[in-house]
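J.: Below are the structure tokens for one structure; questions will follow.
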Amino acid sequence: MDFQSCVTIQKEWDIVGARQMGRNIAKEIGFGTVDQARIATAISELARNIYLYAGSGEICFERLETIDRKGIGIYAIDKGPGMEEVSRVMEDGFSTSGGLGAGLPGVKRLMDEFDIVSEVGKGTKITVMKWIR
Amino acid sequence: MRIPILKLHNYLLISIQIDLDDKTAIQFQEDLLNKIHKSGSTGVVIDLTSVDIIDSFIAKVLGDVVMMSDLMGAKVVLTGIQPAVAMTLIDLGIHLHNVPTALDLEQGLIKLRQELEE
């Protein structure tokens with residue numbers, strides 16, 4: 001796939017960098033303030049997951065445009081340990097890091113579309129999309 | 001990066017005006033508790049008017065610092081949470097129960113005064 005821009009997630013500060021870049025792209029596409037906050041927060045959660053569980057990875061952005069709507073696609077890709085039970089991490093309150101457990105179910109609620117592919121030993125790819133209403 | 005903590009009579013006032021990264025947030029937690037300890041302040045207002053993003057980690061740090069301060073004997077009020085931030089937090093599933101909040105700095109100080117006089 002051809003991404004417009006990607007941010008490498010390696011250090012804690014990259015989490016902030018990724019969400020700032022995502023917010024700017026969302027603003028350019030034409031999202032309102034509330035959706036900009038939702039998108040930036042979702043990116044923050046995805047980037048933190050990469051940083052905490054995979055060590056490193058990247059967040060990529062894509063501008064989506066169809067005949068009747070515009071949106072943003074965000075891809076969180078890592079080559080980390082992967083997840084054995086994808087369905088469990090999608091349960092509210094499930095957390096292995098001692099955080100608030102908002103994590104992925106929260107990201108799903110913030111965005112319009114959510115997909116996760118994970119393979120143990122190979123890594124995880126999470127795709128989320130949001131459309132301008 | 002350090003977040004400035006201002007002292008006003010018995011209160012500490014903090015206005016967060018930067019995009020918080022994890023390290024700065026943790027540093028702030030520690031700085032605030034030390035400042036409460038040193039100054040003997042009984043009330044704290046953390047103003048979030050300029051914060052346009054609170055993710056689950058930052059929410060946890062803020063919620064924790066409220067409880068930690070409470071353990072030490074200081075009441076903390078969070079003020080100025082933006083509409084977009086409030087909506088995002090609820091979508092995320094973060095409710096921050098037991099965290100005192102107020103619309104703005106002024107209301108926050110009124111709330112503190114009421115709580116501390118009780």
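Chains: A, B, ... in order of the structure tokens. Residues: from 1 per chain. Ligands: from 1, in order shown.
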With a cut-off of 9 Å and counting only C-alpha atoms, select all residues of chain A in contact with chain B and give the selection as a VMD selection string.

T.: chain A and resid 12 to 13 15 to 16 20 33 to 38 40 to 42 44 to 45 48 92 99 to 110

J.: So which residues touch Phe28 in chain B within 12 Å, counting only C-alpha atoms, skipping near sequence neighbours fewer than 4 positions away, as an mmCIF file with N, CA and C atoms, in the first residue's frame?

T.:
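Wrote it out as selection.cif, contents follow:
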data_model
loop_
_atom_site.group_PDB
_atom_site.id
_atom_site.type_symbol
_atom_site.label_atom_id
_atom_site.label_comp_id
_atom_site.auth_asym_id
_atom_site.auth_seq_id
_atom_site.Cartn_x
_atom_site.Cartn_y
_atom_site.Cartn_z
ATOM 1 N N MET B 1 11.323 18.970 29.885
ATOM 2 C CA MET B 1 10.270 19.983 30.039
ATOM 3 C C MET B 1 9.623 19.848 31.414
ATOM 4 N N ARG B 2 9.538 20.974 32.147
ATOM 5 C CA ARG B 2 8.889 20.977 33.457
ATOM 6 C C ARG B 2 7.679 21.900 33.407
ATOM 7 N N ILE B 3 6.610 21.484 34.060
ATOM 8 C CA ILE B 3 5.411 22.318 34.113
ATOM 9 C C ILE B 3 5.490 23.200 35.356
ATOM 10 N N PRO B 4 5.385 24.525 35.175
ATOM 11 C CA PRO B 4 5.498 25.434 36.319
ATOM 12 C C PRO B 4 4.337 25.272 37.301
ATOM 13 N N ILE B 5 4.661 25.286 38.596
ATOM 14 C CA ILE B 5 3.640 25.177 39.637
ATOM 15 C C ILE B 5 3.694 26.471 40.457
ATOM 16 N N ILE B 14 -1.748 25.365 38.624
ATOM 17 C CA ILE B 14 -0.994 24.839 37.487
ATOM 18 C C ILE B 14 -1.839 25.011 36.233
ATOM 19 N N SER B 15 -1.221 25.562 35.204
ATOM 20 C CA SER B 15 -1.906 25.639 33.926
ATOM 21 C C SER B 15 -1.071 24.850 32.927
ATOM 22 N N ILE B 16 -1.629 23.764 32.424
ATOM 23 C CA ILE B 16 -0.862 22.935 31.493
ATOM 24 C C ILE B 16 -1.071 23.476 30.083
ATOM 25 N N LEU B 20 1.278 17.133 26.410
ATOM 26 C CA LEU B 20 1.961 16.322 27.415
ATOM 27 C C LEU B 20 2.489 15.010 26.847
ATOM 28 N N ASP B 21 3.771 14.779 27.020
ATOM 29 C CA ASP B 21 4.289 13.443 26.722
ATOM 30 C C ASP B 21 4.377 12.692 28.044
ATOM 31 N N ASP B 22 4.609 11.396 27.966
ATOM 32 C CA ASP B 22 4.558 10.556 29.161
ATOM 33 C C ASP B 22 5.543 11.004 30.235
ATOM 34 N N LYS B 23 6.768 11.330 29.788
ATOM 35 C CA LYS B 23 7.814 11.673 30.749
ATOM 36 C C LYS B 23 7.479 12.958 31.489
ATOM 37 N N THR B 24 7.013 13.953 30.723
ATOM 38 C CA THR B 24 6.653 15.234 31.333
ATOM 39 C C THR B 24 5.510 15.037 32.334
ATOM 40 N N LEU B 32 4.588 17.973 41.616
ATOM 41 C CA LEU B 32 3.430 18.486 42.355
ATOM 42 C C LEU B 32 3.406 17.948 43.791
ATOM 43 N N LEU B 33 3.657 16.644 43.936
ATOM 44 C CA LEU B 33 3.637 16.057 45.284
ATOM 45 C C LEU B 33 4.732 16.666 46.160
ATOM 46 N N ASN B 34 5.915 16.874 45.573
ATOM 47 C CA ASN B 34 6.996 17.510 46.333
ATOM 48 C C ASN B 34 6.645 18.923 46.748
ATOM 49 N N LYS B 35 6.003 19.644 45.822
ATOM 50 C CA LYS B 35 5.636 21.038 46.094
ATOM 51 C C LYS B 35 4.567 21.103 47.200
ATOM 52 N N ILE B 46 -5.596 22.291 38.835
ATOM 53 C CA ILE B 46 -4.866 21.983 37.597
ATOM 54 C C ILE B 46 -5.769 22.399 36.450
ATOM 55 N N ILE B 58 -2.371 9.777 30.017
ATOM 56 C CA ILE B 58 -2.411 11.091 30.678
ATOM 57 C C ILE B 58 -3.573 11.129 31.681
ATOM 58 N N VAL B 61 -2.475 9.351 34.765
ATOM 59 C CA VAL B 61 -1.539 10.168 35.543
ATOM 60 C C VAL B 61 -2.293 11.253 36.311
ATOM 61 N N LEU B 62 -3.248 11.908 35.648
ATOM 62 C CA LEU B 62 -4.009 12.977 36.306
ATOM 63 C C LEU B 62 -4.888 12.412 37.425
ATOM 64 N N ASP B 64 -4.420 9.668 39.069
ATOM 65 C CA ASP B 64 -3.534 9.211 40.150
ATOM 66 C C ASP B 64 -3.051 10.367 41.009
ATOM 67 N N VAL B 65 -2.685 11.483 40.360
ATOM 68 C CA VAL B 65 -2.113 12.590 41.129
ATOM 69 C C VAL B 65 -3.182 13.197 42.045
#

J.: Tell me, counting only C-alpha atoms, for each residue of range 3-94 of chain B within 12 Å of range 110-116 of chain B, which pair of atoms is nearest and how far apart they are in Å to one decimal, in rows ordered by chain and increasing number, as CSV.

T.:
residue,atom,partner,partner_atom,distance
B:His9,CA,B:Arg113,CA,11.9
B:Asn10,CA,B:Arg113,CA,10.1
B:Tyr11,CA,B:Leu112,CA,9.0
B:Leu12,CA,B:Leu112,CA,11.1
B:Leu13,CA,B:Leu112,CA,11.7
B:Ser41,CA,B:Leu116,CA,11.2
B:Thr42,CA,B:Leu116,CA,7.8
B:Gly43,CA,B:Leu112,CA,6.3
B:Val44,CA,B:Leu112,CA,7.9
B:Val45,CA,B:Leu112,CA,8.2
B:Ile46,CA,B:Leu112,CA,11.7
B:Gly73,CA,B:Leu116,CA,10.4
B:Ala74,CA,B:Leu116,CA,9.2
B:Lys75,CA,B:Leu112,CA,7.1
B:Val76,CA,B:Leu112,CA,7.8
B:Val77,CA,B:Leu112,CA,7.2
B:Leu78,CA,B:Lys111,CA,10.5
B:Thr79,CA,B:Lys111,CA,10.4

J.: Give me every alpha helix (DSSP H) residue in range 23-117 of chain B, going by DSSP on the backbone, as a PyMOL selection string.

T.: chain B and resi 23-39+56-72+83-92+105-117

J.: Could you tell me how far CA of Leu71 in chain B sits from CA of Pro100 in chain B, in Å to one decimal place?

T.: 14.7 Å

J.: Counting only C-alpha atoms, figure out which residue out of A:Ile132, A:Thr127, A:Met21, A:Glu85 gets nearest to Glu65 in chain A.

T.: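 Nearest candidate to Glu65 in chain A out of A:Ile132, A:Thr127, A:Met21, A:Glu85: A:Ile132.
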
J.: Fewer than 2 positions away in the same chain doesn't count, so skip those; otherwise give me all residues within 8 Å of range 51-54 of chain A, counting only C-alpha atoms, as a ChimeraX atom specification.

T.: /A:9-12,47-49,56-57,78-82,123

J.: Restricting the calculation to only C-alpha atoms: of A:Arg23, A:Leu46, A:Trp131, A:Asp115, which residue gets closest to Ser87 in chain A?

T.: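 Under the stated criterion, the closest residue is A:Asp115.
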
J.: With a distance cut-off of 8 Å and only C-alpha atoms, select the neighbouring residues of Arg63 in chain A, excluding the residue or stretch itself and same-chain residues fewer than 6 positions from it, and output the selection as a PyMOL selection string.

T.: chain A and resi 4+29+70-73
